[in-house]
Amino acid sequence: MYTESGTLLLSQLLHEGPIIGLKCRSYEPPRFAGVSEQTEELTVLYKKALVTIDGFSLFQALRACRSHAARAAATGSEVLQSPPLAYKKWGLNNQDQISDQISCGTYTPNPFDRMSTASLLGGCDANIKSSPPAISVHVTTGDSPYVGFYHAVEGSVQPMLSDVAYAVAHKLKSKLLSAASGWLGFGKTADSNAGTENKKKIEPATSLGLRCGLPDKRRLGESIALSPNSKLAAVTDSFGRVMLIDLFKGQAIRMWKGHRDAQVGWVQVDEGSSHGQTLPPKRAMFLVIYAPRRGILEVWLSEQGPRVAVFSVDKNCQLMCPSYTMIGLNNTNYRGVTDQVIQCCLIDPQGLVHSIEIPFHLALSDTSNKKARDLHLLKKVRIIMKNNIQNPEAMLEELKIVINEMKSASVQQQVVEKVLQNKRLSLETRVAIVDYVLSKYHQQVEEQDIEKRMLRNYCCTQKKLIQAFKTICETKTTCTQTSEPQALQTLLNLTESEVTHLTNQLEIYDKVLPLPCVTFKDEFSLDVSEFLACFQHEEHTKGSDVSHVKLKASLTETEKSNLGFFLFERCLNGSGDCEELCKLLPEIGISPDSAIEMLANAWLNEKQCLYDFTKSEVLIYLVKHITHGKDMSEIIVPHNSISPWWQKIRDVCSRSLCTARALIMSVICRTVTIEMTAAFNKTMDGEEDMELSDWEAVSMDVEQWNLTIKRLEDLLVFNAVVSSKMPGRTTSDVSPLSVSSIVEGGIGILSEVLARWTCQNEVPLHVFLPSHQSDYNESQNTEFSEEKEKDSVSHISGLLEKLRHRFPYSLDPDILLSNCSWEYAVLWSRDIEVVENLSKAIYYLGLIQNGILTHGIAMMIYDMFISKKFMAAAALLQKVGKAPKERICRKELEMSDHTASKFLSVVCQFLQIMMEANCEANDIPVHQFEDSWQDAKGSTSLVELALNQKMSNYLLLQHHWTLSTVMFATMRFNMKSIKPMTLYDTKSRNAFFKDLHSHPYFENKMEDLKIIQEREKFLTRVLDHSLHGLHGSVQSADPGDVHTWTSRLSTLSDALHMDSDMLQQHHACALYSYGKDQLASEVSSSVVDHTVLGYRLLTIVGQRLSHYVLHGAAKASSQKVSKLPPDVSKWLRNKDSNELHVADVDLDKTSHLLEQVINMLPEGHAEYKIAIALVDLIQNFK
């Protein structure tokens, strides 16, 4: 076996002799329960032997060989010999000549056949096994017998005694002949004997007895083709016959004559599965016969049916019927693999491939079957509607002719359905087809069968729906609508103050909603086919000829919304007749429940979010009329119960994002509820009892409406805020909320959404935070210059003030700051190059007043966003041993080196805030909720998650802070030869990046002198780098940055338990080296060990004087040197003034420094005399 490029994959000698044919069978899953699956198999036919190779194992072997060959080609190594294949070899010795064979797969005999065979062979007392073995069936064709059946029992097969005797005799004969040839001096030479011995061993074939056959001495079988279901086979012979064989019965069941040199193939066709069908679809087998001498191609029903098609073709074609698909399949990976593309095809001499496709209905019966003929005509209907779309009159006439030719009423109904569903046809054409079918079955109703009655009722239903569609589209009204306050008071049964309050609440939307966009006239229109698709025709019941229609139960929410908008949009806009529509709804099968739901969806349409009081009168009329059509027992309930009718409407309003319209509908429904309840009570109790009673009836439904209205008013302000945009901001992905989203998601969703809006719009802190905390935002205060911008910001501030008044607990300042900090951290995680977002998160984190809340939010931010990047940065610095460049930073950290430095700076600030929060002992804040939102239950809020965080380990926090400071210093000053982990011992290293609430054992106080020296060296290097900016003029220095780093290094020294006096000494000496004597004097005053400092400062004095004496003009220098005592001259010559950053310092400063040195050094010090001598020297120089 070779690859496409000719590379040898596998080679094995299975049998000596020419190969007659190869056939393959692919995997076939069981079609029904109890039927065994058909495994993959490759069969090789020899003259007297048959070799079967398991397909799955062959696939695995070929894949392994292909991988090895590709690997060998890539590396240039030799291809190893493939391992031998596992196969079965059968000897077919009971047939004189074999031309072709098929493998029928494995099956288990049924009990009846086994008992029948046992009775014939052993009599009535014969016994059979309880569990029959599986049998592999192989069928051959050739001569004597014409067709042979071989059954191989699965498993090991014991050889027959005759086969054993034959093998022994053959072996003995070969030995004797070999010995005799050696005695007589002729025969094979030694070399030939060696070649025979080296010849590969071939496994002998296991003899397989002939189970049964079809004997015909004169007939020679030429080829055999297996059907796809492995039950039938077609055999061609030398007499020009094609014989159909039943493989399970071993019988010839059909024969076709006159087909010399015929080629046969099979086509399996499945019936189209109907909706809801659970059983597998029906299958039909068609036999394809190509007779080259006659030049025809015939298609026959396999067992009993007629010839269904015949084609004239070329006499030199080739019929191909591949009975296999992809190899390597089994019961696990079979699903998802497409079936074979072509079952049977004809290749003509020009190289064209003609696929043979057969429709299933040809297998139903002969040509007199009326349903099969009607199905042919149904295909013609599609062609007529497609070709005559521009000529509706001709199309209508052709459709009428086709309907007349159809005999089946069910197929005629399919034609009507296709016409009604075609969106390209006009409404008049559809109505004409429905009227034509109705006219055919209008008379003699009693004599019609059930299918014709169902068709007539279906057409009546569709005509009624079409008429309703036309009525809705054409109705007009002249009703007037008003929005005067007095009319609204009467209409909504509200007081003047309530109407004013409601109007003011709705006017909040005026400045925040965008201008109405341009909409096309037919944007919300519904086509008649879509309208009809929303309804279903009820099945005909016995004794009833009345058509019924109702809404489909499977309608989606979008389809219901579109239908509701189509029904009520014209009425709500003032162009439809409400009374006519309300009469029409029950006639087309729309129940009050569906009608009120669609009315609510149409009113609360998202594209019509603007409030409009002018439509209140129409809405009240529709709500009242639809409600009166409902059973009063579901509307009027006891006072302590909730009406399911009104609860459904409240749920729709609660789910709506159009808060203003939902508020209007809630007020209207509350008004209708009060009126209907009062009318019902008046009817039940009588007018006299009602006049005597001064008490106002309070029901549970009215209270629920009041609660819903209060929630919608609160949400109206909130959605107005999140729909606003700060000046300069154009985009925001914050969506408004509904009442249901808050009730189901929890009250914490308010602060989360508001914080997201704040971060995306970059709202200044003083705008959304209470006035007593506005001073925290001095660094971020934004000035708005234009009057329009100031008005916009002022309006947003007013909305936020109203919002805080409505949600005093849920929008507490600490809660808002916590969510803002989290949102900025989320923004940074999406784009880590913008470290400013993480810096803002830390800034807002530091503004939180409650320490426990600060600690919890910090723990969550660290675990979610910071820890992994922090750990990666530490590993990178430890790996490269210096400040990494941009390329490796982007590879390892996905950020630039400049961004990495900023990130480490923010981490230092973050850990500092965490340590401060860890030390604070605030009380745990108690969550309170607003009275109208007490039942809001949802997922745990961010604040609740923060308060549930475990308390961190302060020492571990400090430990991480020291590492972050070391890393930040390395990146900030671009230091080299620095590996942060060398400043810590093994236990301290292992403590890094553990959970911050854990308590690993480590010690910052080091006793290892090497580590102590490394720490001292690092601190002094960082201090030198930080003071490097002081070189040159005072204006070039950054005193703030220098002070920050000296303070930070002092804190780091204490955290590492280092001697801070050493750092102070180095700091003072460095400042004197830069010539900053005044700053150095302040630092040196805090040094404890004056002796060491005095000695180091004396060296600086000597370096300054050395520069003054030895590096001036030659004549002046010689004069100065001549005045020096010998010991002082020698001492000054040993001092290198180049070690000073600023050597040219005024003598007065040097004199003052020398006075401090003399005060620091004790009189017995070795350098004290030199210091005294330098005093006299400076006086002489002056």
# chains A, B, ... in the order shown; residues from 1 in each chain; ligands from 1

call {"tool": "closest_atom_pairs", "arguments": {"of": "stretch 879-914 of chain A", "to": "stretch 975-988 of chain A", "cutoff": "8 Å", "atoms": "only C-alpha atoms", "output": "Markdown table"}}
result
| residue | atom | partner | partner_atom | distance |
| --- | --- | --- | --- | --- |
| A:Lys879 | CA | A:Lys979 | CA | 7.7 |
| A:Val880 | CA | A:Lys979 | CA | 7.9 |
| A:Gly881 | CA | A:Lys979 | CA | 4.7 |
| A:Lys882 | CA | A:Lys976 | CA | 4.3 |
| A:Ala883 | CA | A:Met975 | CA | 5.9 |

call {"tool": "closest_residue", "arguments": {"among": "A:Val299, A:Ile852, A:Ala64, A:Ala936", "to": "A:Asp923", "atoms": "only C-alpha atoms"}}
result
A:Ile852

call {"tool": "residues_around", "arguments": {"residues": "stretch 810-817 of chain A", "least_positions_apart": "4", "cutoff": "8 Å", "atoms": "only C-alpha atoms", "output": "number ranges by chain"}}
result
A: 747-748, 750-752, 754-755, 769-770, 804, 821, 844-845, 847-850, 928-930, 943

call {"tool": "atom_distance", "arguments": {"atom1": "atom CA of A:Gly328", "atom2": "atom CA of A:Ser67"}}
result
15.7 Å

call {"tool": "closest_residue", "arguments": {"among": "A:Met915, A:Leu427, A:Ile289, A:Ala873", "to": "A:Ser964", "atoms": "only C-alpha atoms"}}
result
A:Ala873

call {"tool": "atom_distance", "arguments": {"atom1": "atom CA of A:Arg211", "atom2": "atom CA of A:Gln97"}}
result
16.5 Å

call {"tool": "residues_around", "arguments": {"residues": "stretch 1010-1026 of chain A", "least_positions_apart": "4", "cutoff": "10 Å", "atoms": "only C-alpha atoms", "output": "ChimeraX atom specification"}}
result
/A:966,969-970,972-975,978,980,982-985,1005-1006,1030,1038,1041-1046,1049-1050,1052-1053,1056-1060,1062-1064,1066-1067,1070-1071

call {"tool": "atom_distance", "arguments": {"atom1": "atom CA of A:Leu581", "atom2": "atom CA of A:Leu492"}}
result
22.9 Å

call {"tool": "residues_around", "arguments": {"residues": "A:Leu502", "least_positions_apart": "6", "cutoff": "10 Å", "atoms": "only C-alpha atoms", "output": "short mmCIF file (atom, residue, chain, number, x, y, z; two decimals) with all heavy atoms, in the first residue's frame"}}
result
data_model
loop_
_atom_site.label_atom_id
_atom_site.label_comp_id
_atom_site.auth_asym_id
_atom_site.auth_seq_id
_atom_site.Cartn_x
_atom_site.Cartn_y
_atom_site.Cartn_z
N GLU A 496 -54.64 66.14 40.89
CA GLU A 496 -53.79 67.06 40.14
C GLU A 496 -52.32 66.92 40.53
O GLU A 496 -51.43 66.95 39.69
CB GLU A 496 -54.26 68.49 40.37
CG GLU A 496 -53.47 69.52 39.56
CD GLU A 496 -53.98 70.92 39.77
OE1 GLU A 496 -54.99 71.07 40.50
OE2 GLU A 496 -53.37 71.86 39.22
N LEU A 663 -44.12 52.49 32.98
CA LEU A 663 -44.74 53.27 34.06
C LEU A 663 -46.13 53.72 33.67
O LEU A 663 -47.08 53.64 34.48
CB LEU A 663 -43.84 54.46 34.39
CG LEU A 663 -44.33 55.41 35.49
CD1 LEU A 663 -44.52 54.66 36.79
CD2 LEU A 663 -43.36 56.57 35.67
N ILE A 664 -46.30 54.19 32.44
CA ILE A 664 -47.63 54.62 31.99
C ILE A 664 -48.61 53.45 32.00
O ILE A 664 -49.76 53.56 32.46
CB ILE A 664 -47.53 55.25 30.59
CG1 ILE A 664 -46.72 56.54 30.64
CG2 ILE A 664 -48.91 55.52 30.02
CD1 ILE A 664 -46.48 57.17 29.29
N VAL A 667 -49.67 52.56 35.53
CA VAL A 667 -50.67 53.50 36.07
C VAL A 667 -52.04 53.24 35.48
O VAL A 667 -53.06 53.26 36.18
CB VAL A 667 -50.20 54.95 35.80
CG1 VAL A 667 -51.28 55.95 36.19
CG2 VAL A 667 -48.92 55.25 36.55
N GLU A 713 -40.59 54.16 39.01
CA GLU A 713 -40.15 55.53 39.20
C GLU A 713 -38.68 55.57 39.63
O GLU A 713 -37.91 56.41 39.15
CB GLU A 713 -41.03 56.23 40.24
CG GLU A 713 -42.44 56.52 39.74
CD GLU A 713 -43.29 57.17 40.81
OE1 GLU A 713 -42.81 57.25 41.98
OE2 GLU A 713 -44.41 57.59 40.52
#

call {"tool": "residues_around", "arguments": {"residues": "A:Cys459", "least_positions_apart": "4", "cutoff": "7 Å", "atoms": "only C-alpha atoms", "output": "list in words"}}
result
Val434, Leu438, Leu455 and Lys463 of chain A

call {"tool": "write_last_selection", "arguments": {"atoms": "all heavy atoms", "output": "mmCIF file, in the first residue's frame"}}
result
data_model
loop_
_atom_site.group_PDB
_atom_site.id
_atom_site.type_symbol
_atom_site.label_atom_id
_atom_site.label_comp_id
_atom_site.auth_asym_id
_atom_site.auth_seq_id
_atom_site.Cartn_x
_atom_site.Cartn_y
_atom_site.Cartn_z
ATOM 1 N N VAL A 434 -57.236 30.036 -2.872
ATOM 2 C CA VAL A 434 -58.067 29.526 -1.772
ATOM 3 C C VAL A 434 -59.530 29.462 -2.203
ATOM 4 O O VAL A 434 -60.235 28.473 -1.933
ATOM 5 C CB VAL A 434 -57.888 30.409 -0.526
ATOM 6 C CG1 VAL A 434 -58.861 29.991 0.574
ATOM 7 C CG2 VAL A 434 -56.456 30.323 -0.010
ATOM 8 N N LEU A 438 -61.960 26.105 -2.544
ATOM 9 C CA LEU A 438 -63.243 26.064 -1.838
ATOM 10 C C LEU A 438 -64.402 25.802 -2.793
ATOM 11 O O LEU A 438 -65.352 25.075 -2.450
ATOM 12 C CB LEU A 438 -63.472 27.387 -1.096
ATOM 13 C CG LEU A 438 -62.807 27.528 0.277
ATOM 14 C CD1 LEU A 438 -63.027 28.928 0.828
ATOM 15 C CD2 LEU A 438 -63.347 26.489 1.248
ATOM 16 N N LEU A 455 -59.525 19.534 4.006
ATOM 17 C CA LEU A 455 -59.037 20.541 3.070
ATOM 18 C C LEU A 455 -60.000 21.721 2.997
ATOM 19 O O LEU A 455 -59.579 22.883 2.990
ATOM 20 C CB LEU A 455 -58.851 19.911 1.687
ATOM 21 C CG LEU A 455 -58.473 20.874 0.548
ATOM 22 C CD1 LEU A 455 -57.175 21.597 0.870
ATOM 23 C CD2 LEU A 455 -58.367 20.114 -0.768
ATOM 24 N N LYS A 463 -58.980 31.591 4.639
ATOM 25 C CA LYS A 463 -59.701 32.731 4.071
ATOM 26 C C LYS A 463 -60.135 33.696 5.165
ATOM 27 O O LYS A 463 -60.067 34.923 4.990
ATOM 28 C CB LYS A 463 -60.914 32.222 3.284
ATOM 29 C CG LYS A 463 -61.644 33.327 2.546
ATOM 30 C CD LYS A 463 -62.768 32.780 1.679
ATOM 31 C CE LYS A 463 -63.448 33.923 0.929
ATOM 32 N NZ LYS A 463 -64.555 33.423 0.068
#

call {"tool": "residues_around", "arguments": {"residues": "stretch 585-592 of chain A", "least_positions_apart": "4", "cutoff": "9 Å", "atoms": "only C-alpha atoms", "output": "list in words"}}
result
Thr461, Lys464, Leu465, Ala468, Phe535, His548, Val549, Lys550, Leu551, Glu580, Leu581, Ile596, Glu597, Ile626, Thr627, His628, Gly629 and Lys630 of chain A

call {"tool": "select_by_dssp", "arguments": {"residues": "stretch 698-934 of chain A", "states": "helix (DSSP H, G or I)", "output": "PyMOL selection string"}}
result
chain A and resi 700-722+739-745+748-761+765-768+771-780+787-806+813-830+835-847+851-880+886-892+897-919+931-933

call {"tool": "closest_residue", "arguments": {"among": "A:Leu1009, A:Leu1154, A:Ile224, A:Ile450", "to": "A:Leu244", "atoms": "only C-alpha atoms"}}
result
A:Ile224

call {"tool": "select_by_dssp", "arguments": {"residues": "stretch 200-437 of chain A", "states": "strand (DSSP E)", "output": "number ranges by chain"}}
result
A: 206-207, 210-214, 221-226, 232-237, 242-246, 251-256, 263-270, 283-291, 296-301, 307-312, 318-320, 345-347, 353-355
